[in-house]
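> Structure provided below as structure tokens; questions to follow.
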Amino acid sequence: MDSTKPSSEIAYEFSPLIRVYKDGRVERFVGNDTVPPSFDPKTNVDSKDVVYSPQNSNNSNALSARLYLPKGTNNNNNNNKLPLLVYIHGGGFCIETPFSPFYHSYLNALVSACNVVAVSVDYRRAPENPVPCAHDDSWAAIKWVASHVNGSGPEDWLNRYADFQRVFFAGDSAGANIAHHMGIRNGREILDGFNVAGIVLVHPYFWGSTPVGNETTDAKDRAFFDEIWRMGYRSETNGCDDPWINPCVEGSSLASMGCARVLVFVAEKDKLAARGWLYYEKLKESGWKGRVEIVETKGESHVFHLFNPNSENARVMLEQIASFFNHQDKP
């Protein structure tokens, strides 16, 4: 037998998304396409790629982010600086990148609608780099962003145009999971001059061993979510009740959320929707001093806004996020 021949034995099969072989090889069937940064005339938004981590101890490849800026931004007056969005993409921790057509198009539309400067974060993906690698990378990106608060960081767009008193985290699916954990970490590790005003969680990827609310009890459905988490985390300590995937377990740290406002989106037909509702209720009850809101989109499924960005419901979601970002608390 040829020992150099790749093994065909499958460890995890999640077609049409990803396949993992027992020898460690990974085949990703979606989320592999990329588009370059560019000026988008449709939205009047410019973009460019920057390196936020030149070298990672566990990965020889540099880690990058894609920056977005509405054209015509006036930097002559500090009062005209724009809110700063740190966006974290979804994909079950294992597929997609900020450079995919999906996310590049969505960030152009989001930045245009909300009139913000955005940093869309790339991170190491599971299973090659299991959770919490994605969370660690995202925090490293946030610290890199925060290094610009005095106007002397390495990236000119952030120095000139970003208002570090109006910072927002946002993400969809697994990216929303990461955004939540970044909010918790921000509450514990204060970054000087870096004020996180709010967090937006779109169809957050949370799960648990026991069904909640109207969540599916179908054994096949639950096994899918259990297995994809096991592939991405590789720990049997707490399974699907580990705080990385289930922030509502007893003893969780929701009360230490490091922002004033949270907006949660759920979709009626999303199999993860009940987790979003539970998160909303638990955050309200946690003793956290902030304000949480939830919006349910009727008749829609998981991340519908990425698959149908021109739909009426996707347009309404953009407007709601823009309103959240540009909200000003009255004294």
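We name chains A, B, ... following the order of the structure tokens; residues begin at 1 in each chain, and ligands are numbered from 1 as shown.
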Extract, using only C-alpha atoms, all DNA, RNA and protein residues at most 6 Å from region 129-142 of chain A, discarding same-chain residues fewer than 5 positions from it, and format them as JSON, numbers by chain.

{"A": [52, 123, 124, 178, 232, 233]}

> Which residues, written as a list of chain:residue names, have at least one atom at most 6 Å from Phe168 (chain A), with only C-alpha atoms counted and residues fewer than 2 positions away on the same chain left out?

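Neighbouring residues, sequence-local ones excluded: A:Leu85, A:Val196, A:Ala197, A:Gly198, A:Ile199.
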
> Quick one: write out the picked residues with N, CA and C atoms as a tab-separated table (two decimals), in the first residue's frame?


```tsv
chain	number	residue	atom	x	y	z
A	85	LEU	N	-17.12	50.39	12.09
A	85	LEU	CA	-17.69	49.06	12.20
A	85	LEU	C	-16.61	48.00	12.03
A	196	VAL	N	-16.91	50.95	22.45
A	196	VAL	CA	-17.85	50.12	21.69
A	196	VAL	C	-19.27	50.53	22.08
A	197	ALA	N	-19.92	51.21	21.15
A	197	ALA	CA	-21.26	51.74	21.41
A	197	ALA	C	-22.33	50.68	21.27
A	198	GLY	N	-22.10	49.69	20.41
A	198	GLY	CA	-23.14	48.69	20.20
A	198	GLY	C	-22.65	47.50	19.41
A	199	ILE	N	-23.45	46.44	19.44
A	199	ILE	CA	-23.14	45.19	18.74
A	199	ILE	C	-24.39	44.71	18.02
```

> Using only C-alpha atoms, which residues sit within 8 Å of Asp40 (chain A) once same-chain residues fewer than 5 positions away are excluded, as a list of chain:residue names?

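Once the adjacent positions are removed, what remains is A:Val45, A:Asp46, A:Asn108.
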
> Using only C-alpha atoms, pick whichever of A:His305, A:Lys48, A:Arg166, A:Lys269 has the shortest atom-to-atom distance to Pro83 (chain A).

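Residue with the minimum atom-to-atom distance to Pro83 (chain A): A:Arg166.
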
> Calculate how many Å separate CA of Trp229 (chain A) from CA of Leu63 (chain A), rounding to one decimal.

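Here the two named atoms are 23.5 Å from each other.
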
> For Glu189 (chain A), which of A:Val212, A:Cys240, A:Val295, A:Met257 is the closest residue, counting only C-alpha atoms?

A:Met257

> Please report the interatomic distance between CA of Leu107 (chain A) and CA of Asn159 (chain A) in Å with one decimal.

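Separation between CA of Leu107 (chain A) and CA of Asn159 (chain A): 20.3 Å.
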
> I want to know what sits within 12 Å of Pro204 (chain A), based on only C-alpha atoms, with residues of the same chain fewer than 2 positions away left out; could you give that as a PyMOL selection string?

chain A and resi 88-92+170-181+199-202+206-207+245-247+263-267+270-280+294+302-303

> Identify, with DSSP run on backbone atoms, the residues in region 58-269 of chain A assigned to alpha helix (DSSP H), and express the list as number ranges by chain.

A: 101-114, 133-146, 156-161, 174-188, 219-233

> Report the distance between CA of Asn115 (chain A) and CA of Pro70 (chain A) in Å, rounded to one decimal place.

6.6 Å

> DSSP says strand (DSSP E or B) for which residues of region 47-276 of chain A? Put them as an NGL selection string?

:A and (47-53 or 56 or 59 or 63-70 or 82-88 or 117-121 or 162-172 or 196-202 or 261-267)

> Which residue, A:Leu84, A:Ala255, A:Ala118, A:Ala62, has the smallest gap to Ser286 (chain A) when you use only C-alpha atoms?

A:Ala255

> Name the closest residue to Gly72 (chain A) among the candidates A:Asn195, A:Tyr106, A:Ser152, A:Tyr161; distances are taken between atoms, counting only C-alpha atoms.

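Counting only C-alpha atoms, the residue closest to Gly72 (chain A) is A:Tyr161.
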